[in-house]
>>> print(open('entry-v6.txt').read())   # compact mmCIF, C-alpha atoms
# COMPACT_ATOMS: atom_id res chain seq x y z
CA MET A 1 9.02 13.33 26.89
CA THR A 2 12.41 12.27 25.58
CA GLN A 3 11.12 8.71 25.41
CA ARG A 4 8.24 9.88 23.26
CA ARG A 5 10.58 11.67 20.92
CA GLY A 6 12.71 8.53 20.86
CA GLU A 7 9.73 6.51 19.60
CA TRP A 8 9.04 8.98 16.79
CA LEU A 9 12.69 8.88 15.74
CA ARG A 10 12.90 5.10 15.99
CA GLY A 11 9.86 4.86 13.69
CA CYS A 12 11.31 7.37 11.28
CA PHE A 13 14.56 5.41 11.19
CA THR A 14 12.66 2.19 10.41
CA ALA A 15 11.09 4.00 7.45
CA VAL A 16 14.44 4.88 5.83
CA PRO A 17 14.20 2.04 3.25
CA ILE A 18 10.72 3.28 2.30
CA MET A 19 11.96 6.86 2.06
CA VAL A 20 14.83 5.78 -0.17
CA GLY A 21 12.37 3.96 -2.41
CA TYR A 22 9.79 6.77 -2.48
CA LEU A 23 12.09 9.69 -3.23
CA PRO A 24 13.01 8.90 -6.86
CA ILE A 25 9.41 7.89 -7.65
CA ALA A 26 8.04 11.07 -6.06
CA VAL A 27 10.58 13.18 -7.97
CA THR A 28 9.53 11.47 -11.20
CA PHE A 29 5.90 12.17 -10.38
CA GLY A 30 6.73 15.86 -9.87
CA VAL A 31 8.62 16.00 -13.18
CA ILE A 32 5.79 14.32 -15.12
CA ALA A 33 3.13 16.48 -13.47
CA GLN A 34 5.08 19.61 -14.41
CA GLN A 35 5.47 18.41 -17.98
CA THR A 36 1.77 17.70 -18.34
CA GLY A 37 0.92 21.19 -17.08
CA VAL A 38 -0.18 20.51 -13.50
CA PRO A 39 0.90 23.49 -11.38
CA ALA A 40 3.30 23.02 -8.44
CA LEU A 41 0.61 23.71 -5.84
CA GLN A 42 -1.81 21.11 -7.23
CA THR A 43 0.99 18.56 -7.64
CA THR A 44 1.97 18.93 -4.00
CA LEU A 45 -1.68 18.97 -2.92
CA MET A 46 -2.30 15.68 -4.71
CA SER A 47 0.68 14.06 -2.96
CA MET A 48 -0.48 15.44 0.40
CA LEU A 49 -4.18 14.54 0.15
CA VAL A 50 -4.23 11.39 -2.00
CA TYR A 51 -0.83 9.96 -1.04
CA ALA A 52 -1.06 6.86 -3.23
CA GLY A 53 1.65 6.71 -5.87
CA ALA A 54 0.27 4.54 -8.65
CA SER A 55 -3.09 6.33 -8.68
CA GLN A 56 -1.41 9.73 -8.91
CA PHE A 57 0.59 8.71 -11.98
CA MET A 58 -2.57 7.27 -13.45
CA ALA A 59 -4.56 10.45 -12.77
CA VAL A 60 -2.01 12.72 -14.46
CA ASN A 61 -1.85 10.32 -17.38
CA MET A 62 -5.65 10.09 -17.71
CA LEU A 63 -6.06 13.86 -17.57
CA THR A 64 -3.68 14.34 -20.50
CA THR A 65 -5.68 11.84 -22.55
CA GLY A 66 -8.84 13.86 -21.87
CA ALA A 67 -10.58 11.68 -19.28
CA THR A 68 -13.27 13.35 -17.16
CA GLY A 69 -12.82 14.04 -13.47
CA LEU A 70 -15.37 11.39 -12.58
CA GLU A 71 -13.48 8.72 -14.52
CA VAL A 72 -10.26 9.66 -12.73
CA VAL A 73 -11.95 9.45 -9.33
CA ALA A 74 -13.58 6.09 -10.16
CA ALA A 75 -10.27 4.61 -11.36
CA THR A 76 -8.56 5.91 -8.22
CA PHE A 77 -11.14 4.12 -6.07
CA VAL A 78 -10.55 0.81 -7.87
CA LEU A 79 -6.79 1.12 -7.64
CA ASN A 80 -6.72 2.10 -3.95
CA PHE A 81 -9.47 -0.13 -2.55
CA ARG A 82 -6.82 -2.70 -1.58
CA HIS A 83 -5.93 -0.41 1.35
CA PHE A 84 -9.25 -1.36 2.94
CA VAL A 85 -8.24 -5.02 3.09
CA MET A 86 -4.72 -4.14 4.25
CA GLY A 87 -6.20 -1.77 6.83
CA LEU A 88 -8.36 -4.55 8.31
CA SER A 89 -5.25 -6.66 8.78
CA LEU A 90 -3.03 -3.90 10.19
CA MET A 91 -5.68 -2.48 12.52
CA ASN A 92 -6.25 -5.98 13.91
CA LEU A 93 -2.55 -6.13 14.76
CA LEU A 94 -2.69 -2.65 16.32
CA ARG A 95 -6.03 -3.23 18.08
CA GLU A 96 -4.65 -2.16 21.49
CA PHE A 97 -3.97 1.35 20.16
CA PRO A 98 -6.48 4.12 21.03
CA SER A 99 -9.05 4.76 18.28
CA ARG A 100 -7.87 8.28 17.44
CA TRP A 101 -4.36 6.93 16.84
CA LYS A 102 -5.69 4.16 14.62
CA LEU A 103 -7.69 6.65 12.57
CA ALA A 104 -4.66 8.90 12.14
CA LEU A 105 -2.36 5.99 11.31
CA SER A 106 -4.80 4.54 8.77
CA SER A 107 -4.59 7.81 6.80
CA GLY A 108 -0.89 7.20 6.29
CA MET A 109 -1.29 3.64 5.12
CA THR A 110 0.27 2.68 1.81
CA ASP A 111 1.39 -0.68 0.42
CA GLU A 112 4.85 0.00 1.83
CA THR A 113 4.01 1.35 5.29
CA PHE A 114 1.41 -1.43 5.69
CA ALA A 115 3.94 -4.12 4.78
CA MET A 116 6.67 -2.68 6.99
CA ALA A 117 4.39 -2.14 10.02
CA SER A 118 2.73 -5.59 9.74
CA VAL A 119 5.98 -7.50 9.39
CA ARG A 120 7.51 -5.58 12.31
CA ALA A 121 4.40 -6.18 14.45
CA GLY A 122 4.37 -9.86 13.46
CA SER A 123 7.99 -10.32 14.49
CA GLU A 124 6.98 -9.56 18.09
CA GLU A 125 8.68 -6.21 18.08
CA GLU A 126 7.40 -3.71 20.64
CA MET A 127 5.06 -1.35 18.81
CA SER A 128 3.90 1.97 20.21
CA PRO A 129 1.54 4.38 18.40
CA ARG A 130 4.32 6.95 18.14
CA TYR A 131 6.71 4.42 16.65
CA VAL A 132 4.25 3.54 13.87
CA ALA A 133 3.40 7.23 13.42
CA GLY A 134 7.09 8.11 13.03
CA MET A 135 7.40 5.41 10.38
CA MET A 136 4.41 6.75 8.47
CA LEU A 137 5.36 10.40 8.82
CA GLY A 138 8.85 9.66 7.51
CA ALA A 139 7.47 7.93 4.43
CA TYR A 140 4.87 10.68 3.93
CA SER A 141 7.43 13.51 4.10
CA SER A 142 9.64 11.77 1.59
CA TRP A 143 6.70 11.43 -0.83
CA VAL A 144 5.43 15.02 -0.48
CA ILE A 145 8.83 16.73 -0.49
CA GLY A 146 9.99 14.55 -3.39
CA SER A 147 6.94 15.48 -5.50
CA LEU A 148 7.49 19.20 -4.92
CA ALA A 149 11.22 18.91 -5.57
CA GLY A 150 10.59 17.03 -8.80
CA HIS A 151 8.20 19.73 -9.98
CA LEU A 152 10.54 22.59 -9.11
CA LEU A 153 13.65 20.91 -10.52
CA SER A 154 11.98 19.40 -13.58
CA GLN A 155 14.18 21.45 -15.90
CA VAL A 156 17.29 19.91 -14.37
CA ILE A 157 16.13 16.33 -13.80
CA PRO A 158 15.35 14.08 -16.75
CA PRO A 159 12.15 12.00 -16.20
CA THR A 160 14.26 8.86 -16.52
CA VAL A 161 15.86 9.51 -13.13
CA SER A 162 14.01 6.68 -11.43
CA GLU A 163 14.45 4.10 -14.19
CA SER A 164 16.83 1.79 -12.37
CA MET A 165 15.28 2.71 -9.03
CA SER A 166 11.87 1.31 -10.00
CA ILE A 167 13.06 -2.04 -8.63
CA ALA A 168 13.69 -0.47 -5.19
CA LEU A 169 10.20 -0.89 -3.68
CA TYR A 170 9.89 -4.44 -5.04
CA ALA A 171 13.26 -5.20 -3.45
CA MET A 172 11.94 -3.79 -0.19
CA PHE A 173 8.84 -6.03 -0.35
CA ILE A 174 11.11 -9.02 -0.99
CA GLY A 175 13.38 -7.91 1.85
CA LEU A 176 10.35 -7.94 4.17
CA LEU A 177 8.95 -11.24 2.91
CA VAL A 178 12.01 -13.48 2.82
CA PRO A 179 12.98 -13.28 6.53
CA SER A 180 9.33 -14.06 7.45
CA LEU A 181 9.25 -17.18 5.32
CA ARG A 182 12.56 -18.33 6.74
CA LYS A 183 10.85 -18.24 10.12
CA GLU A 184 7.60 -19.97 9.07
CA TRP A 185 7.12 -21.71 5.74
CA GLN A 186 3.41 -20.88 5.81
CA ALA A 187 4.18 -17.23 5.05
CA GLY A 188 6.02 -18.28 1.89
CA ALA A 189 3.23 -20.60 0.81
CA VAL A 190 0.64 -17.86 1.27
CA ALA A 191 2.73 -15.36 -0.71
CA LEU A 192 3.33 -17.88 -3.49
CA SER A 193 -0.38 -18.69 -3.76
CA SER A 194 -1.34 -15.05 -4.00
CA MET A 195 1.40 -14.38 -6.58
CA LEU A 196 -0.11 -17.05 -8.81
CA LEU A 197 -3.62 -15.74 -8.17
CA CYS A 198 -2.59 -12.16 -8.92
CA TRP A 199 -0.85 -13.24 -12.10
CA GLY A 200 -4.00 -15.04 -13.22
CA PHE A 201 -6.36 -12.19 -12.27
CA SER A 202 -4.15 -9.54 -13.88
CA ARG A 203 -4.74 -11.15 -17.27
CA VAL A 204 -8.47 -10.47 -17.09
CA LEU A 205 -8.87 -7.61 -14.57
CA ASP A 206 -7.51 -4.15 -13.73
CA ASP A 207 -4.33 -4.24 -11.64
CA GLY A 208 -6.23 -2.78 -8.68
CA TRP A 209 -8.85 -5.55 -8.56
CA ALA A 210 -6.27 -8.24 -9.31
CA ILE A 211 -4.29 -7.23 -6.21
CA VAL A 212 -7.43 -6.93 -4.06
CA LEU A 213 -8.78 -10.37 -5.06
CA ALA A 214 -5.41 -12.11 -4.85
CA THR A 215 -4.86 -10.65 -1.36
CA ILE A 216 -8.32 -11.69 -0.13
CA LEU A 217 -8.17 -15.21 -1.59
CA GLY A 218 -4.47 -15.73 -0.82
CA GLY A 219 -5.21 -14.73 2.78
CA GLY A 220 -8.16 -17.14 2.74
CA ILE A 221 -5.91 -20.01 1.72
CA GLY A 222 -3.45 -18.89 4.37
CA SER A 223 -6.08 -19.00 7.10
CA PHE A 224 -6.00 -22.80 6.85
CA TRP A 225 -2.23 -22.87 7.38
CA MET A 226 -1.32 -20.03 9.68
CA LYS A 227 -0.77 -20.69 13.33
CA GLY A 228 -3.03 -18.89 15.80
CA GLU A 229 -1.80 -15.67 17.33
CA LYS A 230 -0.35 -15.45 20.79
CA SER A 231 -3.03 -13.92 22.98
CA MET B 232 -10.12 25.01 -9.79
CA ASN B 233 -11.56 21.99 -11.58
CA LEU B 234 -8.32 20.11 -10.93
CA VAL B 235 -8.56 20.83 -7.20
CA TRP B 236 -12.03 19.20 -7.17
CA ILE B 237 -10.66 16.12 -8.90
CA ILE B 238 -7.86 15.95 -6.30
CA LEU B 239 -10.38 16.27 -3.46
CA GLY B 240 -12.49 13.48 -5.01
CA MET B 241 -9.42 11.27 -5.39
CA SER B 242 -8.50 12.02 -1.78
CA LEU B 243 -11.96 11.05 -0.56
CA VAL B 244 -12.13 7.70 -2.37
CA THR B 245 -8.58 6.88 -1.23
CA MET B 246 -9.01 7.91 2.42
CA LEU B 247 -12.49 6.43 3.00
CA PRO B 248 -11.39 2.77 2.53
CA ARG B 249 -8.39 3.45 4.82
CA TRP B 250 -10.67 4.86 7.55
CA LEU B 251 -13.40 2.29 6.95
CA SER B 252 -11.02 -0.48 8.04
CA VAL B 253 -10.63 1.14 11.47
CA TRP B 254 -14.40 1.57 11.80
CA VAL B 255 -15.22 -2.01 10.78
CA LEU B 256 -12.68 -3.51 13.20
CA GLY B 257 -13.75 -1.26 16.06
CA ARG B 258 -17.37 -2.29 15.62
CA TRP B 259 -17.30 -6.07 15.52
CA LYS B 260 -15.58 -8.70 17.63
CA LEU B 261 -13.84 -11.01 15.21
CA PRO B 262 -14.11 -14.81 15.31
CA PRO B 263 -10.72 -16.62 15.48
CA ARG B 264 -11.11 -17.84 11.92
CA VAL B 265 -11.30 -14.26 10.61
CA ARG B 266 -8.25 -13.31 12.67
CA LEU B 267 -6.26 -16.11 11.05
CA TRP B 268 -7.34 -14.73 7.69
CA LEU B 269 -6.29 -11.21 8.67
CA ASN B 270 -2.94 -12.49 9.96
CA SER B 271 -2.09 -14.06 6.65
CA ILE B 272 -3.12 -10.93 4.70
CA PRO B 273 0.34 -9.27 4.95
CA TYR B 274 2.01 -12.22 3.23
CA ALA B 275 -0.75 -12.51 0.66
CA ALA B 276 -0.50 -8.78 -0.03
CA LEU B 277 3.30 -8.94 -0.35
CA GLY B 278 2.97 -11.78 -2.85
CA ALA B 279 0.36 -9.93 -4.92
CA LEU B 280 2.35 -6.68 -4.81
CA ILE B 281 5.58 -8.35 -5.95
CA PHE B 282 4.31 -10.57 -8.75
CA PRO B 283 3.54 -10.02 -11.59
CA GLY B 284 4.27 -6.28 -11.07
CA ILE B 285 8.02 -6.87 -10.84
CA LEU B 286 8.05 -8.08 -14.44
CA SER B 287 7.18 -4.55 -15.61
CA VAL B 288 10.24 -2.89 -14.03
CA GLU B 289 11.70 -2.61 -17.53
CA PRO B 290 8.94 -2.42 -20.14
CA GLY B 291 9.30 -5.18 -22.71
CA ALA B 292 12.06 -6.97 -20.79
CA PRO B 293 10.53 -8.99 -17.90
CA ALA B 294 13.89 -10.70 -17.26
CA VAL B 295 15.32 -7.44 -15.86
CA GLY B 296 12.81 -7.28 -13.00
CA LEU B 297 13.05 -11.02 -12.45
CA VAL B 298 16.83 -10.93 -12.01
CA GLY B 299 16.56 -7.87 -9.75
CA GLY B 300 14.02 -9.76 -7.65
CA LEU B 301 16.18 -12.89 -7.43
CA VAL B 302 19.18 -10.82 -6.32
CA ALA B 303 17.00 -9.13 -3.68
CA GLY B 304 15.71 -12.54 -2.57
CA GLY B 305 19.25 -13.94 -2.29
CA LEU B 306 20.52 -10.98 -0.27
CA ALA B 307 17.45 -11.06 2.00
CA TYR B 308 17.92 -14.80 2.54
CA PHE B 309 21.29 -14.10 4.14
CA ARG B 310 19.57 -11.63 6.49
CA LEU B 311 21.33 -8.58 5.10
CA PRO B 312 19.84 -5.18 6.04
CA ILE B 313 16.99 -4.00 3.80
CA LEU B 314 19.04 -1.08 2.44
CA VAL B 315 21.69 -3.55 1.24
CA VAL B 316 18.95 -5.67 -0.37
CA ILE B 317 17.61 -2.59 -2.20
CA THR B 318 21.07 -1.42 -3.31
CA GLY B 319 21.93 -4.89 -4.61
CA ALA B 320 18.71 -5.09 -6.63
CA VAL B 321 19.18 -1.60 -8.10
CA LEU B 322 22.76 -2.46 -9.13
CA ALA B 323 21.57 -5.75 -10.66
CA VAL B 324 18.93 -3.91 -12.70
CA MET B 325 21.46 -1.30 -13.85
CA GLY B 326 23.80 -4.11 -14.88
CA MET B 327 21.07 -5.95 -16.76
CA LYS B 328 20.07 -2.80 -18.60
CA GLY B 329 23.71 -2.25 -19.54
CA LEU B 330 23.77 -5.73 -21.09
CA ILE B 331 20.60 -5.25 -23.14
>>> encode(input="entry-v6.txt", output="structure tokens")
Amino acid sequence: MTQRRGEWLRGCFTAVPIMVGYLPIAVTFGVIAQQTGVPALQTTLMSMLVYAGASQFMAVNMLTTGATGLEVVAATFVLNFRHFVMGLSLMNLLREFPSRWKLALSSGMTDETFAMASVRAGSEEEMSPRYVAGMMLGAYSSWVIGSLAGHLLSQVIPPTVSESMSIALYAMFIGLLVPSLRKEWQAGAVALSSMLLCWGFSRVLDDGWAIVLATILGGGIGSFWMKGEKS
Amino acid sequence: MNLVWIILGMSLVTMLPRWLSVWVLGRWKLPPRVRLWLNSIPYAALGALIFPGILSVEPGAPAVGLVGGLVAGGLAYFRLPILVVITGAVLAVMGMKGLI
């Protein structure tokens, strides 16, 4: 029992960098939602049920410019479809987990929890379902509580609160990537290829599709270089 | 009420792809080639998530995000804890914005 609780806490502790990155963004989302007239309940509901930052900002923004609900939902699909590709990769790493755990964990998958969990799993760290769940629940709480707090405190907090913090999640991605490429150069080559691809695609496509295509093709290039997994 | 329906729709189209990945992987046995592809996805995704998005950290001033990213990269190279990497990048961005 105590060991189980230990796994949850260990996961939660691993998520601290994500929580630190999420909080100011979530607070900003709450502030903006309040200012555009979305009630506190709906703001919190969106963070709880959608739980995908960029698409939530986009939705609030689209609604103020008079977009229809269907347009918002369609744009959300495009922006969040990348989680399908990321999910394939993460669930392959976690394939020994029971199905119900995988289903639950996939609901909590974001760019950040995906990146953190994959890099940790790839570095041969012992992964238990509860450890990954603790990581995801920590990140999730930070997002939901931050959104509500931002909405409630919007009179006190200026919307610029996260301005210098907007680098935080990028810094976290870099912090996850660099140690991996020190270990195997292939990881760096794959990342570099997909950066160039994403840069190219983003000039002609929506950000959502640019990331999806760059991830798929970058991974495809990587499949020629990467070493096979230990069985 | 209308807004709640939009939120439910957004939730559905966000959650379905997440769940679909579990279903697809549970259903088919993957050839080694596909596994190699899936194993390189995290690095490909990290690359695509970092660039060119990082350039938009400060609208109209791509250098701010770039410098923040280089500072993060330098700190991460010396194996400093991720929270130190994040703090360093945030301070670098604050400094850059002070200069502009």
>>> interface_residues(input="entry-v6.txt", of="chain B", to="chain A", cutoff="7 Å", atoms="all atoms listed in the file", output="PyMOL selection string")
chain B and resi 235+237-238+240-242+244-246+248-253+256+267-283+285+288+296+299-300+303-304+307-308+310+313-314+316-317+320-321+324-325
>>> write_last_selection(input="entry-v6.txt", atoms="C-alpha atoms", output="tab-separated table (two decimals), keeping the file's coordinate frame")
chain	number	residue	atom	x	y	z
B	235	VAL	CA	-8.56	20.83	-7.20
B	237	ILE	CA	-10.66	16.12	-8.90
B	238	ILE	CA	-7.86	15.95	-6.30
B	240	GLY	CA	-12.49	13.48	-5.01
B	241	MET	CA	-9.42	11.27	-5.39
B	242	SER	CA	-8.50	12.02	-1.78
B	244	VAL	CA	-12.13	7.70	-2.37
B	245	THR	CA	-8.58	6.88	-1.23
B	246	MET	CA	-9.01	7.91	2.42
B	248	PRO	CA	-11.39	2.77	2.53
B	249	ARG	CA	-8.39	3.45	4.82
B	250	TRP	CA	-10.67	4.86	7.55
B	251	LEU	CA	-13.40	2.29	6.95
B	252	SER	CA	-11.02	-0.48	8.04
B	253	VAL	CA	-10.63	1.14	11.47
B	256	LEU	CA	-12.68	-3.51	13.20
B	267	LEU	CA	-6.26	-16.11	11.05
B	268	TRP	CA	-7.34	-14.73	7.69
B	269	LEU	CA	-6.29	-11.21	8.67
B	270	ASN	CA	-2.94	-12.49	9.96
B	271	SER	CA	-2.09	-14.06	6.65
B	272	ILE	CA	-3.12	-10.93	4.70
B	273	PRO	CA	0.34	-9.27	4.95
B	274	TYR	CA	2.01	-12.22	3.23
B	275	ALA	CA	-0.75	-12.51	0.66
B	276	ALA	CA	-0.50	-8.78	-0.03
B	277	LEU	CA	3.30	-8.94	-0.35
B	278	GLY	CA	2.97	-11.78	-2.85
B	279	ALA	CA	0.36	-9.93	-4.92
B	280	LEU	CA	2.35	-6.68	-4.81
B	281	ILE	CA	5.58	-8.35	-5.95
B	282	PHE	CA	4.31	-10.57	-8.75
B	283	PRO	CA	3.54	-10.02	-11.59
B	285	ILE	CA	8.02	-6.87	-10.84
B	288	VAL	CA	10.24	-2.89	-14.03
B	296	GLY	CA	12.81	-7.28	-13.00
B	299	GLY	CA	16.56	-7.87	-9.75
B	300	GLY	CA	14.02	-9.76	-7.65
B	303	ALA	CA	17.00	-9.13	-3.68
B	304	GLY	CA	15.71	-12.54	-2.57
B	307	ALA	CA	17.45	-11.06	2.00
B	308	TYR	CA	17.92	-14.80	2.54
B	310	ARG	CA	19.57	-11.63	6.49
B	313	ILE	CA	16.99	-4.00	3.80
B	314	LEU	CA	19.04	-1.08	2.44
B	316	VAL	CA	18.95	-5.67	-0.37
B	317	ILE	CA	17.61	-2.59	-2.20
B	320	ALA	CA	18.71	-5.09	-6.63
B	321	VAL	CA	19.18	-1.60	-8.10
B	324	VAL	CA	18.93	-3.91	-12.70
B	325	MET	CA	21.46	-1.30	-13.85
>>> atom_distance(input="entry-v6.txt", atom1="atom CA of Gly134 of chain A", atom2="atom CA of Glu7 of chain A")
7.3 Å
>>> atom_distance(input="entry-v6.txt", atom1="atom CA of Val302 of chain B", atom2="atom CA of Val315 of chain B")
10.8 Å
>>> residues_around(input="entry-v6.txt", residues="Val27 of chain A", least_positions_apart="2", cutoff="6 Å", atoms="all atoms listed in the file", output="number ranges by chain")
A: 24-25, 29-30, 146-147, 150
>>> atom_distance(input="entry-v6.txt", atom1="atom CA of Trp209 of chain A", atom2="atom CA of Leu243 of chain B")
18.7 Å
